[in-house]
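Enquirer: See start-v5.cif below, with mmCIF, C-alpha atoms.
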data_structure
loop_
_atom_site.label_atom_id
_atom_site.label_comp_id
_atom_site.auth_asym_id
_atom_site.auth_seq_id
_atom_site.Cartn_x
_atom_site.Cartn_y
_atom_site.Cartn_z
CA MET A 1 -27.39 25.32 0.15
CA ALA A 2 -27.59 21.66 1.04
CA SER A 3 -30.97 21.44 -0.64
CA LEU A 4 -29.67 23.14 -3.79
CA SER A 5 -26.75 20.75 -4.21
CA SER A 6 -28.94 17.70 -3.61
CA SER A 7 -31.60 18.81 -6.13
CA PHE A 8 -32.00 16.95 -9.40
CA MET A 9 -31.36 20.11 -11.41
CA PHE A 10 -28.05 20.87 -9.72
CA GLN A 11 -26.80 17.32 -10.09
CA ALA A 12 -27.94 17.07 -13.70
CA ILE A 13 -26.23 20.35 -14.64
CA ALA A 14 -23.05 19.62 -12.66
CA ALA A 15 -22.83 16.14 -14.20
CA LEU A 16 -23.24 17.67 -17.67
CA ILE A 17 -20.45 20.16 -16.96
CA ALA A 18 -18.21 17.33 -15.73
CA ALA A 19 -19.02 15.23 -18.81
CA LEU A 20 -18.14 18.12 -21.12
CA LEU A 21 -14.97 18.88 -19.14
CA SER A 22 -13.79 15.31 -19.63
CA LEU A 23 -13.80 15.94 -23.38
CA ILE A 24 -10.80 18.26 -22.82
CA GLY A 25 -8.54 15.50 -21.51
CA ASN A 26 -10.01 13.03 -23.94
CA ALA A 27 -8.84 15.21 -26.83
CA ILE A 28 -5.51 16.40 -25.42
CA ALA A 29 -4.10 13.34 -23.64
CA TRP A 30 -5.86 10.53 -25.52
CA HIS A 31 -6.06 12.15 -28.98
CA ILE A 32 -9.74 11.29 -29.45
CA PRO A 33 -11.42 14.06 -31.50
CA VAL A 34 -14.34 15.69 -29.69
CA LEU A 35 -16.80 14.69 -32.44
CA ASP A 36 -15.80 11.02 -32.20
CA ALA A 37 -16.32 11.10 -28.45
CA LEU A 38 -19.74 12.80 -28.54
CA PRO A 39 -21.92 9.66 -28.94
CA GLY A 40 -20.03 8.00 -26.06
CA ILE A 41 -20.28 11.03 -23.80
CA PHE A 42 -23.99 11.24 -24.60
CA ILE A 43 -24.49 7.60 -23.54
CA ILE A 44 -22.45 8.19 -20.39
CA TYR A 45 -24.51 11.25 -19.53
CA ALA A 46 -27.77 9.37 -20.14
CA ILE A 47 -26.61 6.58 -17.78
CA ALA A 48 -25.64 9.21 -15.19
CA LEU A 49 -29.05 10.89 -15.43
CA ALA A 50 -30.84 7.56 -15.04
CA GLY A 51 -28.83 6.76 -11.90
CA ILE A 52 -29.42 10.22 -10.42
CA ALA A 53 -33.16 9.86 -11.13
CA ILE A 54 -33.25 6.45 -9.37
CA LYS A 55 -31.49 7.96 -6.34
CA GLN A 56 -33.91 10.91 -6.24
CA ALA A 57 -36.96 8.66 -6.56
CA LEU A 58 -35.78 6.30 -3.80
CA ASP A 59 -35.02 9.24 -1.50
CA LYS A 60 -38.55 10.48 -2.02
CA ILE A 61 -40.07 7.10 -1.19
CA GLY A 62 -37.59 6.74 1.65
CA VAL A 63 -36.04 3.35 0.83
CA LEU A 64 -32.36 2.39 0.38
CA LYS A 65 -31.38 5.93 1.27
CA GLN A 66 -27.87 4.93 2.36
CA ILE A 67 -26.91 3.81 -1.15
CA PRO A 68 -25.23 6.75 -2.94
CA ALA A 69 -26.06 7.95 -6.47
CA PHE A 70 -22.62 6.70 -7.51
CA ALA A 71 -23.67 3.08 -6.94
CA TRP A 72 -26.96 3.47 -8.85
CA ILE A 73 -25.27 5.12 -11.82
CA MET A 74 -22.69 2.35 -11.87
CA LEU A 75 -25.38 -0.30 -11.68
CA VAL A 76 -27.23 1.20 -14.67
CA GLY A 77 -23.97 1.37 -16.66
CA LEU A 78 -23.13 -2.18 -15.69
CA ILE A 79 -26.50 -3.60 -16.73
CA VAL A 80 -26.55 -1.92 -20.14
CA SER A 81 -23.06 -3.24 -20.93
CA ILE A 82 -23.30 -6.88 -19.79
CA PRO A 83 -22.49 -9.10 -22.78
CA GLY A 84 -25.74 -10.34 -24.32
CA VAL A 85 -27.91 -7.45 -23.18
CA PRO A 86 -29.46 -5.85 -26.31
CA GLY A 87 -27.34 -2.92 -27.42
CA ALA A 88 -24.51 -3.71 -24.99
CA ASP A 89 -21.96 -4.00 -27.78
CA LEU A 90 -22.91 -0.53 -29.06
CA VAL A 91 -22.71 0.96 -25.56
CA VAL A 92 -19.22 -0.50 -25.12
CA LYS A 93 -18.13 0.50 -28.63
CA TYR A 94 -19.13 4.15 -28.28
CA THR A 95 -18.09 4.63 -24.65
CA ASN A 96 -14.66 3.24 -25.55
CA ASN A 97 -14.12 6.63 -27.18
CA VAL A 98 -14.33 8.26 -23.76
CA ALA A 99 -11.09 7.57 -21.87
CA PHE A 100 -11.55 6.51 -18.27
CA LEU A 101 -8.79 8.82 -17.06
CA ALA A 102 -10.36 11.82 -18.78
CA THR A 103 -13.49 11.41 -16.64
CA CYS A 104 -11.36 11.48 -13.44
CA THR A 105 -9.53 14.78 -13.97
CA PRO A 106 -12.50 17.18 -13.45
CA ILE A 107 -13.41 15.51 -10.13
CA LEU A 108 -9.93 15.92 -8.73
CA ALA A 109 -9.72 19.52 -9.96
CA TYR A 110 -12.82 20.33 -7.87
CA ALA A 111 -11.49 18.19 -5.00
CA GLY A 112 -8.14 19.98 -5.01
CA ILE A 113 -9.72 23.43 -4.85
CA ALA A 114 -12.10 22.28 -2.10
CA ALA A 115 -9.34 20.47 -0.17
CA SER A 116 -7.35 23.68 -0.01
CA ARG A 117 -9.75 24.78 2.70
CA ASP A 118 -8.45 21.92 4.83
CA LEU A 119 -4.85 23.15 4.57
CA PRO A 120 -5.01 25.30 7.72
CA ARG A 121 -6.42 22.26 9.54
CA LEU A 122 -3.42 20.20 8.45
CA LYS A 123 -1.30 22.44 10.68
CA GLN A 124 -3.21 21.08 13.68
CA VAL A 125 -2.32 17.53 12.68
CA SER A 126 0.90 16.40 14.26
CA TRP A 127 3.56 15.43 11.72
CA LYS A 128 3.73 12.06 13.42
CA LEU A 129 0.11 11.25 12.60
CA ALA A 130 0.53 12.70 9.11
CA ILE A 131 3.34 10.19 8.44
CA LEU A 132 1.61 7.36 10.29
CA SER A 133 -1.32 7.68 7.88
CA LEU A 134 0.95 6.55 5.02
CA PHE A 135 1.70 3.28 6.83
CA VAL A 136 -1.94 2.73 7.80
CA TRP A 137 -2.92 2.89 4.11
CA ILE A 138 -0.12 0.50 3.11
CA GLY A 139 -1.41 -1.84 5.83
CA ALA A 140 -4.93 -1.64 4.38
CA PHE A 141 -3.64 -2.55 0.92
CA LEU A 142 -1.46 -5.42 2.15
CA GLY A 143 -4.14 -6.82 4.47
CA ALA A 144 -6.62 -7.02 1.61
CA ALA A 145 -4.09 -8.26 -0.96
CA ILE A 146 -2.81 -11.08 1.27
CA ILE A 147 -6.31 -12.42 1.99
CA ALA A 148 -7.27 -12.13 -1.69
CA GLN A 149 -4.10 -13.94 -2.77
CA ILE A 150 -4.58 -16.79 -0.23
CA LEU A 151 -8.19 -17.31 -1.36
CA ILE A 152 -7.33 -17.15 -5.05
CA ALA A 153 -4.62 -19.78 -4.48
CA LEU A 154 -6.88 -21.98 -2.33
CA LEU A 155 -9.71 -21.85 -4.85
CA GLY A 156 -7.28 -22.50 -7.70
CA LEU A 157 -8.47 -19.47 -9.69
CA MET B 1 -32.48 45.01 -7.27
CA THR B 2 -30.14 43.95 -4.45
CA SER B 3 -31.20 40.32 -4.62
CA SER B 4 -30.48 40.15 -8.34
CA HIS B 5 -27.15 41.82 -7.60
CA VAL B 6 -26.35 39.06 -5.07
CA ALA B 7 -27.44 36.38 -7.55
CA ASN B 8 -25.21 37.95 -10.18
CA LYS B 9 -22.24 37.89 -7.85
CA LYS B 10 -22.88 34.26 -7.03
CA PHE B 11 -23.11 33.46 -10.73
CA MET B 12 -19.78 35.23 -11.29
CA SER B 13 -18.23 33.06 -8.59
CA TYR B 14 -19.42 29.92 -10.37
CA ILE B 15 -17.90 31.23 -13.62
CA LYS B 16 -14.59 32.08 -11.93
CA LEU B 17 -14.48 28.66 -10.30
CA HIS B 18 -14.93 27.00 -13.67
CA ILE B 19 -12.33 29.15 -15.40
CA ALA B 20 -9.88 27.87 -12.80
CA ILE B 21 -11.14 24.28 -13.24
CA ILE B 22 -10.68 24.44 -17.02
CA LEU B 23 -7.15 25.83 -16.65
CA ILE B 24 -6.24 23.10 -14.15
CA ILE B 25 -7.57 20.39 -16.47
CA LEU B 26 -5.74 21.86 -19.49
CA VAL B 27 -2.38 21.96 -17.70
CA SER B 28 -2.87 18.51 -16.16
CA GLU B 29 -3.81 16.86 -19.45
CA ILE B 30 -0.96 18.53 -21.35
CA ILE B 31 1.53 17.05 -18.84
CA GLY B 32 -0.19 13.69 -19.37
CA VAL B 33 0.83 10.25 -18.12
CA GLN B 34 4.42 10.01 -16.86
CA LYS B 35 6.21 6.80 -15.88
CA PHE B 36 9.39 6.61 -13.82
CA LYS B 37 11.47 3.49 -13.34
CA VAL B 38 12.77 3.56 -9.79
CA TRP B 39 15.01 0.58 -8.95
CA VAL B 40 12.78 -2.52 -9.29
CA THR B 41 9.48 -0.66 -9.44
CA THR B 42 7.62 1.83 -11.57
CA ILE B 43 5.98 5.02 -10.37
CA THR B 44 3.20 6.28 -12.61
CA LEU B 45 1.79 9.79 -12.43
CA PHE B 46 -1.29 10.90 -14.36
CA PRO B 47 -3.51 13.97 -14.88
CA MET B 48 -5.93 13.48 -11.97
CA LEU B 49 -2.99 13.69 -9.55
CA TYR B 50 -1.68 16.94 -11.03
CA ALA B 51 -5.23 18.31 -10.93
CA VAL B 52 -5.60 17.80 -7.19
CA ILE B 53 -2.13 19.25 -6.53
CA LEU B 54 -2.73 22.28 -8.80
CA GLY B 55 -6.10 22.83 -7.13
CA ILE B 56 -4.46 22.97 -3.72
CA ILE B 57 -1.55 25.13 -4.92
CA ILE B 58 -3.62 27.91 -6.50
CA SER B 59 -5.81 28.12 -3.40
CA PRO B 60 -6.21 31.31 -1.34
CA ASN B 61 -4.31 29.51 1.44
CA LEU B 62 -1.15 28.90 -0.57
CA LEU B 63 -0.19 30.68 -3.77
CA GLY B 64 -3.14 33.05 -3.40
CA LYS B 65 -1.43 34.43 -0.30
CA VAL B 66 1.59 35.49 -2.33
CA VAL B 67 0.10 36.21 -5.75
CA LYS B 68 -2.74 38.65 -5.11
CA PRO B 69 -4.44 38.57 -8.57
CA LEU B 70 -4.95 34.82 -8.07
CA LYS B 71 -7.09 35.54 -5.06
CA SER B 72 -9.42 37.64 -7.21
CA ILE B 73 -10.22 34.48 -9.22
CA ILE B 74 -10.19 31.85 -6.48
CA SER B 75 -11.07 33.28 -3.10
CA ASP B 76 -12.48 31.37 -0.13
CA LYS B 77 -15.93 31.87 -1.64
CA GLU B 78 -15.10 30.04 -4.89
CA ALA B 79 -13.27 27.30 -2.96
CA GLY B 80 -16.42 26.83 -0.88
CA LEU B 81 -18.57 26.44 -4.01
CA ALA B 82 -16.34 23.61 -5.25
CA SER B 83 -17.45 21.03 -2.64
CA PRO B 84 -20.92 20.16 -3.98
CA PHE B 85 -19.42 19.76 -7.45
CA ILE B 86 -17.11 16.96 -6.27
CA ILE B 87 -19.94 14.50 -5.63
CA ALA B 88 -21.94 15.61 -8.67
CA SER B 89 -18.94 15.34 -11.02
CA LEU B 90 -18.48 11.71 -9.94
CA ALA B 91 -21.52 10.88 -12.12
CA PRO B 92 -19.74 10.48 -15.49
CA LEU B 93 -16.97 8.50 -13.79
CA ALA B 94 -19.56 6.22 -12.19
CA ALA B 95 -21.17 5.64 -15.59
CA LYS B 96 -17.79 4.92 -17.17
CA TYR B 97 -17.02 2.51 -14.31
CA GLY B 98 -20.36 0.83 -15.01
CA VAL B 99 -19.70 0.25 -18.71
CA LEU B 100 -16.18 -0.99 -17.89
CA THR B 101 -17.54 -3.40 -15.29
CA GLY B 102 -20.43 -4.83 -17.35
CA PRO B 103 -18.22 -6.83 -19.74
CA ASN B 104 -16.22 -8.03 -16.71
CA VAL B 105 -19.23 -9.34 -14.76
CA PRO B 106 -18.50 -13.02 -15.54
CA LYS B 107 -14.95 -12.58 -14.21
CA LEU B 108 -16.18 -10.72 -11.11
CA ILE B 109 -18.56 -13.59 -10.36
CA GLN B 110 -15.77 -16.12 -10.89
CA TYR B 111 -13.62 -14.24 -8.35
CA GLY B 112 -16.61 -13.40 -6.17
CA ILE B 113 -15.45 -15.08 -2.95
CA PRO B 114 -11.98 -13.47 -2.77
CA LEU B 115 -13.48 -10.19 -3.99
CA ILE B 116 -15.87 -10.01 -1.05
CA VAL B 117 -13.79 -11.66 1.68
CA GLN B 118 -10.56 -9.67 1.11
CA ASN B 119 -12.36 -6.55 2.34
CA PHE B 120 -12.25 -8.07 5.82
CA GLY B 121 -8.44 -7.88 5.68
CA VAL B 122 -8.40 -4.09 5.42
CA GLN B 123 -8.95 -3.13 9.07
CA PRO B 124 -6.61 -5.82 10.50
CA GLY B 125 -3.98 -4.72 7.97
CA CYS B 126 -4.29 -1.09 9.11
CA ALA B 127 -3.96 -2.07 12.78
CA LEU B 128 -1.12 -4.58 12.36
CA LEU B 129 1.07 -2.07 10.54
CA GLY B 130 -0.18 1.19 12.06
CA VAL B 131 -0.32 0.41 15.78
CA PRO B 132 3.27 -0.90 16.24
CA ILE B 133 4.73 1.91 14.13
CA GLY B 134 2.66 4.50 15.99
CA ILE B 135 3.75 3.18 19.39
CA PHE B 136 7.40 2.24 18.89
CA ILE B 137 8.58 4.69 16.22
CA PHE B 138 6.39 7.75 16.80
CA LYS B 139 5.80 7.20 20.55
CA LEU B 140 2.16 8.22 20.20
CA GLY B 141 -0.63 7.66 22.73
CA ARG B 142 -4.23 6.56 22.24
CA GLU B 143 -4.47 8.61 19.01
CA VAL B 144 -2.84 5.55 17.44
CA ILE B 145 -6.01 3.52 17.94
CA GLY B 146 -8.14 6.07 16.10
CA ALA B 147 -5.56 6.50 13.36
CA SER B 148 -5.03 2.78 12.73
CA PHE B 149 -8.36 0.98 12.97
CA ASP B 150 -9.40 1.77 9.40
CA ILE B 151 -8.29 3.84 6.40
CA CYS B 152 -10.16 6.70 8.12
CA ARG B 153 -12.76 8.02 5.70
CA GLU B 154 -16.30 9.14 6.61
CA PRO B 155 -17.52 5.79 8.06
CA ALA B 156 -14.55 5.65 10.47
CA LEU B 157 -15.20 9.23 11.65
CA GLY B 158 -18.76 8.25 12.46
CA VAL B 159 -17.72 5.09 14.30
CA VAL B 160 -15.05 6.73 16.46
CA ASN B 161 -17.38 9.59 17.43
CA GLN B 162 -20.02 7.05 18.35
CA LEU B 163 -17.66 4.86 20.40
CA ARG B 164 -15.42 7.45 22.09
CA GLY B 165 -16.91 10.89 21.45
CA PRO B 166 -15.55 13.72 19.30
CA ASP B 167 -13.19 15.06 22.00
CA SER B 168 -11.35 11.79 22.63
CA PRO B 169 -7.71 11.21 21.63
CA GLU B 170 -8.96 8.34 19.46
CA ALA B 171 -11.19 10.74 17.49
CA LEU B 172 -8.24 13.12 17.07
CA GLY B 173 -6.26 10.27 15.53
CA THR B 174 -9.02 9.39 13.07
CA LEU B 175 -9.64 13.03 12.14
CA SER B 176 -5.92 13.60 11.55
CA VAL B 177 -5.64 10.70 9.12
CA TYR B 178 -8.90 11.84 7.50
CA ILE B 179 -7.51 15.33 6.85
CA ALA B 180 -4.22 13.88 5.60
CA GLY B 181 -6.27 11.68 3.27
CA THR B 182 -8.13 14.66 1.86
CA ILE B 183 -4.88 16.48 1.09
CA TYR B 184 -2.54 13.73 -0.13
CA GLY B 185 -4.52 10.48 0.02
CA THR B 186 -5.04 10.33 -3.74
CA LEU B 187 -1.34 10.81 -4.47
CA TRP B 188 -0.27 8.21 -1.90
CA TRP B 189 -2.74 5.60 -3.17
CA ALA B 190 -1.40 6.15 -6.68
CA ILE B 191 2.08 5.42 -5.36
CA ILE B 192 0.80 2.31 -3.57
CA GLY B 193 -0.91 1.15 -6.76
CA SER B 194 2.11 1.59 -8.99
CA VAL B 195 4.96 0.69 -6.60
CA LEU B 196 3.35 -2.21 -4.72
CA GLY B 197 1.48 -3.24 -7.86
CA SER B 198 4.60 -3.52 -9.99
CA SER B 199 6.84 -5.03 -7.29
CA LEU B 200 4.39 -7.57 -5.83
CA ALA B 201 3.03 -8.85 -9.14
CA LYS B 202 5.71 -11.55 -9.26
CA VAL B 203 4.21 -13.18 -6.16
CA PHE B 204 0.61 -11.95 -6.21
CA ASN B 205 -2.17 -12.43 -8.72
CA VAL B 206 -2.79 -9.04 -10.36
CA TYR B 207 -6.51 -9.32 -9.58
CA ALA B 208 -5.68 -9.76 -5.87
CA LEU B 209 -3.71 -6.51 -6.04
CA ALA B 210 -6.50 -4.79 -7.96
CA MET B 211 -9.07 -5.76 -5.31
CA ALA B 212 -6.76 -4.39 -2.63
CA CYS B 213 -7.19 -0.93 -4.19
CA GLY B 214 -10.78 -1.04 -2.93
CA PRO B 215 -10.65 0.61 0.50
CA GLY B 216 -10.83 4.37 0.73
CA SER B 217 -12.77 7.06 -1.08
CA ALA B 218 -13.71 6.62 -4.73
CA SER B 219 -10.80 8.94 -5.63
CA MET B 220 -8.21 6.98 -3.62
CA SER B 221 -9.44 3.71 -5.04
CA THR B 222 -9.44 5.11 -8.56
CA ALA B 223 -5.94 6.54 -8.16
CA CYS B 224 -4.60 3.19 -6.96
CA ALA B 225 -6.31 1.18 -9.70
CA THR B 226 -5.40 3.66 -12.42
CA ALA B 227 -1.74 3.61 -11.40
CA MET B 228 -1.82 -0.19 -11.45
CA SER B 229 -3.65 -0.31 -14.79
CA LEU B 230 -0.89 1.81 -16.34
CA VAL B 231 1.65 -0.79 -15.17
CA PHE B 232 -0.42 -3.64 -16.67
CA PRO B 233 -2.13 -1.98 -19.66
CA GLU B 234 -3.32 -5.32 -21.11
CA LEU B 235 -5.48 -5.86 -18.00
CA LYS B 236 -6.60 -2.24 -17.71
CA ASP B 237 -10.40 -2.63 -17.68
CA SER B 238 -10.51 -5.66 -15.40
CA ILE B 239 -8.17 -4.00 -12.86
CA LEU B 240 -10.49 -0.97 -12.72
CA ALA B 241 -13.57 -3.22 -12.50
CA PHE B 242 -12.14 -5.28 -9.62
CA ALA B 243 -11.07 -2.17 -7.71
CA ILE B 244 -14.41 -0.38 -7.94
CA ALA B 245 -16.40 -3.54 -7.14
CA SER B 246 -14.21 -3.99 -4.05
CA ASN B 247 -14.68 -0.31 -3.18
CA LEU B 248 -18.46 -0.73 -3.18
CA VAL B 249 -18.28 -3.84 -0.96
CA SER B 250 -15.94 -2.13 1.50
CA GLY B 251 -18.32 0.83 1.66
CA VAL B 252 -21.20 -1.48 2.55
CA ILE B 253 -19.40 -3.33 5.37
CA ALA B 254 -17.34 -0.39 6.76
CA VAL B 255 -19.50 0.84 9.64
CA TRP B 256 -20.43 -2.43 11.27
CA TYR B 257 -17.06 -4.11 10.63
CA ASP B 258 -15.23 -1.07 12.08
CA THR B 259 -17.46 -1.25 15.14
CA ILE B 260 -17.28 -4.95 15.92
CA VAL B 261 -13.78 -5.84 14.63
CA GLY B 262 -11.63 -2.90 13.44
CA PHE B 263 -11.75 -0.66 16.49
CA PRO B 264 -11.65 -3.38 19.18
CA LEU B 265 -8.73 -5.06 17.40
CA ALA B 266 -6.68 -1.86 17.17
CA GLU B 267 -7.42 -1.10 20.83
CA LYS B 268 -6.43 -4.59 21.99
CA LEU B 269 -3.21 -4.41 20.01
CA TYR B 270 -2.52 -0.99 21.48
CA GLN B 271 -3.01 -2.27 25.03
CA VAL B 272 -0.74 -5.26 24.53
CA LEU B 273 2.04 -3.35 22.80
CA SER B 274 2.01 -0.25 25.02
CA ARG B 275 2.31 -2.50 28.09
CA ARG B 276 5.43 -3.93 26.52
CA ARG B 277 6.73 -0.41 25.86
CA LYS B 278 6.27 0.56 29.53
CA GLY B 279 7.53 -2.79 30.82
CA GLY B 280 10.53 -2.86 28.50
#
Please, can you express the file's structure as structure tokens?

Expert:
Amino acid sequence: MASLSSSFMFQAIAALIAALLSLIGNAIAWHIPVLDALPGIFIIYAIALAGIAIKQALDKIGVLKQIPAFAWIMLVGLIVSIPGVPGADLVVKYTNNVAFLATCTPILAYAGIAASRDLPRLKQVSWKLAILSLFVWIGAFLGAAIIAQILIALLGL
Amino acid sequence: MTSSHVANKKFMSYIKLHIAIILIILVSEIIGVQKFKVWVTTITLFPMLYAVILGIIISPNLLGKVVKPLKSIISDKEAGLASPFIIASLAPLAAKYGVLTGPNVPKLIQYGIPLIVQNFGVQPGCALLGVPIGIFIFKLGREVIGASFDICREPALGVVNQLRGPDSPEALGTLSVYIAGTIYGTLWWAIIGSVLGSSLAKVFNVYALAMACGPGSASMSTACATAMSLVFPELKDSILAFAIASNLVSGVIAVWYDTIVGFPLAEKLYQVLSRRRKGG
């Protein structure tokens, strides 16, 4: 099972399904016709495939194994859209027709269905820790924001 | 004959899973983005949040228990098949993040120092807020240390098991926050992003707030940044770019920073404050 889900074929097919699923939200919530979004979704899928291929190749050689496919895909997307890189303006122009939020919905639909299996485990979590978690996350946000703000002010950015 | 029968059944489960996924996406996207003005702040809700809630609701452990036909579509088997799709379906989002970030690279470099350094404020922030509340309000024991030394995703689970073992109260604390994060972490980070984002923007630079969305899983980070980007639509792409860049940095430093700073700090704070509780 683990080997199936980490195979190139599985990831390529699942990524294609997710890319096609994001066309639903793109059309309904963002009113971008499917045909207008197709070139953008094609570019996004090509970037995704390139990143997955890099991850697979590095795993085979055995270097940088701790870096997830997510980071490689993002790096490929970043490089092809840096201003000045040949074709970057076209990449940005076409992918603008794929709404960011539309690409998020499929992930969370899978995550919700999968998370439901953790529901019985939530019963074992004391309500005190369940509420404490909310404060811990606020603390994480504030800790980071305060340091960022101090440095931005100090550096005069 | 039997093996093809088994393969067929498995294929049917994949189909059923995706029928449910398509329905969830349809409903979520039809509801769309909703904004609520609450006193001085704004709460924004958007499709990815409804999707995670709908996914949990239709599960065999909730609505499926009551509505039997639902269980014939999504049983434990289909729910189990969903997990590998989570990581794989991140691929288009990662690509979209990439093409959003590319045009913002000059700005990310300009803000490079705060962008990297603010990640070191995450663990102290967790401990400074979490440990006192855990001790004085909830009267908890050593679980507080495990619950409050980080935002408690996978790296923190690894660190606490390494330092204290899986059966320790500290590990119970980390695991509890981890499970809570899986169930309602996305929703809570969206509330943080919209409420703290809209109310703190008078004092804080919006990019500082965007970077602070970095800790947590990609979903939590995305929920926080998305909520914030809906409050400041004119800065949408740069908010998302700062948040995901920060998320990647925090992922890189998590394990060693948890080990040498996060955990020891939370433990020290626990020792000092619980002595005061007993003494007082």

Enquirer: As an NGL selection string, please: the residues near Tyr97 (chain B) (cut-off 8 Å, all atoms listed in the file, same-chain neighbours under 4 positions excluded).

Expert: (:A and (74 or 77-78 or 100)) or (:B and (93 or 101 or 240-241 or 244))

Enquirer: Nearest to Ile113 (chain B) among B:Val159, B:Ala208, B:Ile15, B:Gln271, with distances taken over all atoms listed in the file: which residue is it?

Expert: B:Ala208

Enquirer: What is the CA of Ile151 (chain B)-CA of Ala130 (chain A) distance in Å, reported with one decimal?

Expert: 12.8 Å

Enquirer: What's the separation between CA of Leu35 (chain A) and CA of Asn97 (chain A), in Å to one decimal place?

Expert: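 Calculated distance between CA of Leu35 (chain A) and CA of Asn97 (chain A) is 10.0 Å.
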
Enquirer: Under the PyMOL selection byres ((chain A) within 6 of (chain B)), which residues of this model are included? Write them out as a PyMOL selection string.

Expert: chain A and resi 5+11+14-15+18-19+25+29+44+47-48+70+73-74+77-78+81-83+103-105+107-114+116+125+133+135-137+139-141+143-145+147-149+151

Enquirer: Once the PyMOL selection byres ((chain B and resi 35) around 10) has been evaluated on this model, what residues remain selected, and can you format them as a VMD selection string?

Expert: chain B and resid 33 to 34 36 to 38 42 to 46 194 227 230 to 231

Enquirer: Just checking: using all atoms listed in the file, which residue out of B:Ile191, B:Ile73, B:Val261, B:Val67 ends up closest to Ala225 (chain B)?

Expert: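 For Ala225 (chain B), the nearest of the candidates is B:Ile191.
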
Enquirer: What does the distance from CA of Ala37 (chain A) to CA of Ala50 (chain A) come to in Å, to one decimal?

Expert: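 Between CA of Ala37 (chain A) and CA of Ala50 (chain A) the gap works out to 20.1 Å.
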
Enquirer: Between B:Val160, B:Ile239, B:Ala171, B:Ala190, which residue has the minimum interatomic distance to Gly262 (chain B), considering all atoms listed in the file?

Expert: B:Val160

Enquirer: Hey, which of B:Ser217, B:Leu269, B:Leu63, B:Leu235 ends up closest to Ser75 (chain B)? Count all atoms listed in the file.

Expert: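 Of the candidates, the smallest distance to Ser75 (chain B) is held by B:Leu63.
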
Enquirer: Between A:Leu134, A:Leu129, A:Ile150, A:Tyr94, which is the closest to Ile32 (chain A) once you count only C-alpha atoms?

Expert: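 Result for the nearest residue to Ile32 (chain A): A:Tyr94.
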
Enquirer: May I ask which of the residues A:Ile138, A:Gln56, A:Leu155, A:Ala69 is the closest one to Ser7 (chain A), counting only C-alpha atoms?

Expert: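 For Ser7 (chain A), the nearest of the candidates is A:Gln56.
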
Enquirer: How would region 49-60 of chain B look with N, CA and C atoms restored, written as a short mmCIF file (atom, residue, chain, number, x, y, z; two decimals), in the frame of the given file?

Expert:
data_model
loop_
_atom_site.label_atom_id
_atom_site.label_comp_id
_atom_site.auth_asym_id
_atom_site.auth_seq_id
_atom_site.Cartn_x
_atom_site.Cartn_y
_atom_site.Cartn_z
N LEU B 49 -3.86 13.35 -10.67
CA LEU B 49 -2.99 13.69 -9.55
C LEU B 49 -2.49 15.12 -9.65
N TYR B 50 -2.13 15.54 -10.88
CA TYR B 50 -1.68 16.94 -11.03
C TYR B 50 -2.85 17.88 -10.73
N ALA B 51 -4.06 17.44 -11.11
CA ALA B 51 -5.23 18.31 -10.93
C ALA B 51 -5.46 18.60 -9.46
N VAL B 52 -5.35 17.58 -8.61
CA VAL B 52 -5.60 17.80 -7.19
C VAL B 52 -4.49 18.68 -6.59
N ILE B 53 -3.25 18.46 -7.05
CA ILE B 53 -2.13 19.25 -6.53
C ILE B 53 -2.26 20.71 -6.99
N LEU B 54 -2.56 20.91 -8.29
CA LEU B 54 -2.73 22.28 -8.80
C LEU B 54 -3.87 22.99 -8.07
N GLY B 55 -4.96 22.25 -7.83
CA GLY B 55 -6.10 22.83 -7.13
C GLY B 55 -5.71 23.34 -5.76
N ILE B 56 -4.90 22.56 -5.06
CA ILE B 56 -4.46 22.97 -3.72
C ILE B 56 -3.49 24.14 -3.82
N ILE B 57 -2.58 24.08 -4.80
CA ILE B 57 -1.55 25.13 -4.92
C ILE B 57 -2.15 26.51 -5.21
N ILE B 58 -3.12 26.58 -6.13
CA ILE B 58 -3.62 27.91 -6.50
C ILE B 58 -4.60 28.47 -5.46
N SER B 59 -4.79 27.72 -4.37
CA SER B 59 -5.81 28.12 -3.40
C SER B 59 -5.44 29.42 -2.67
N PRO B 60 -6.47 30.08 -2.10
CA PRO B 60 -6.21 31.31 -1.34
C PRO B 60 -5.29 31.07 -0.14
#
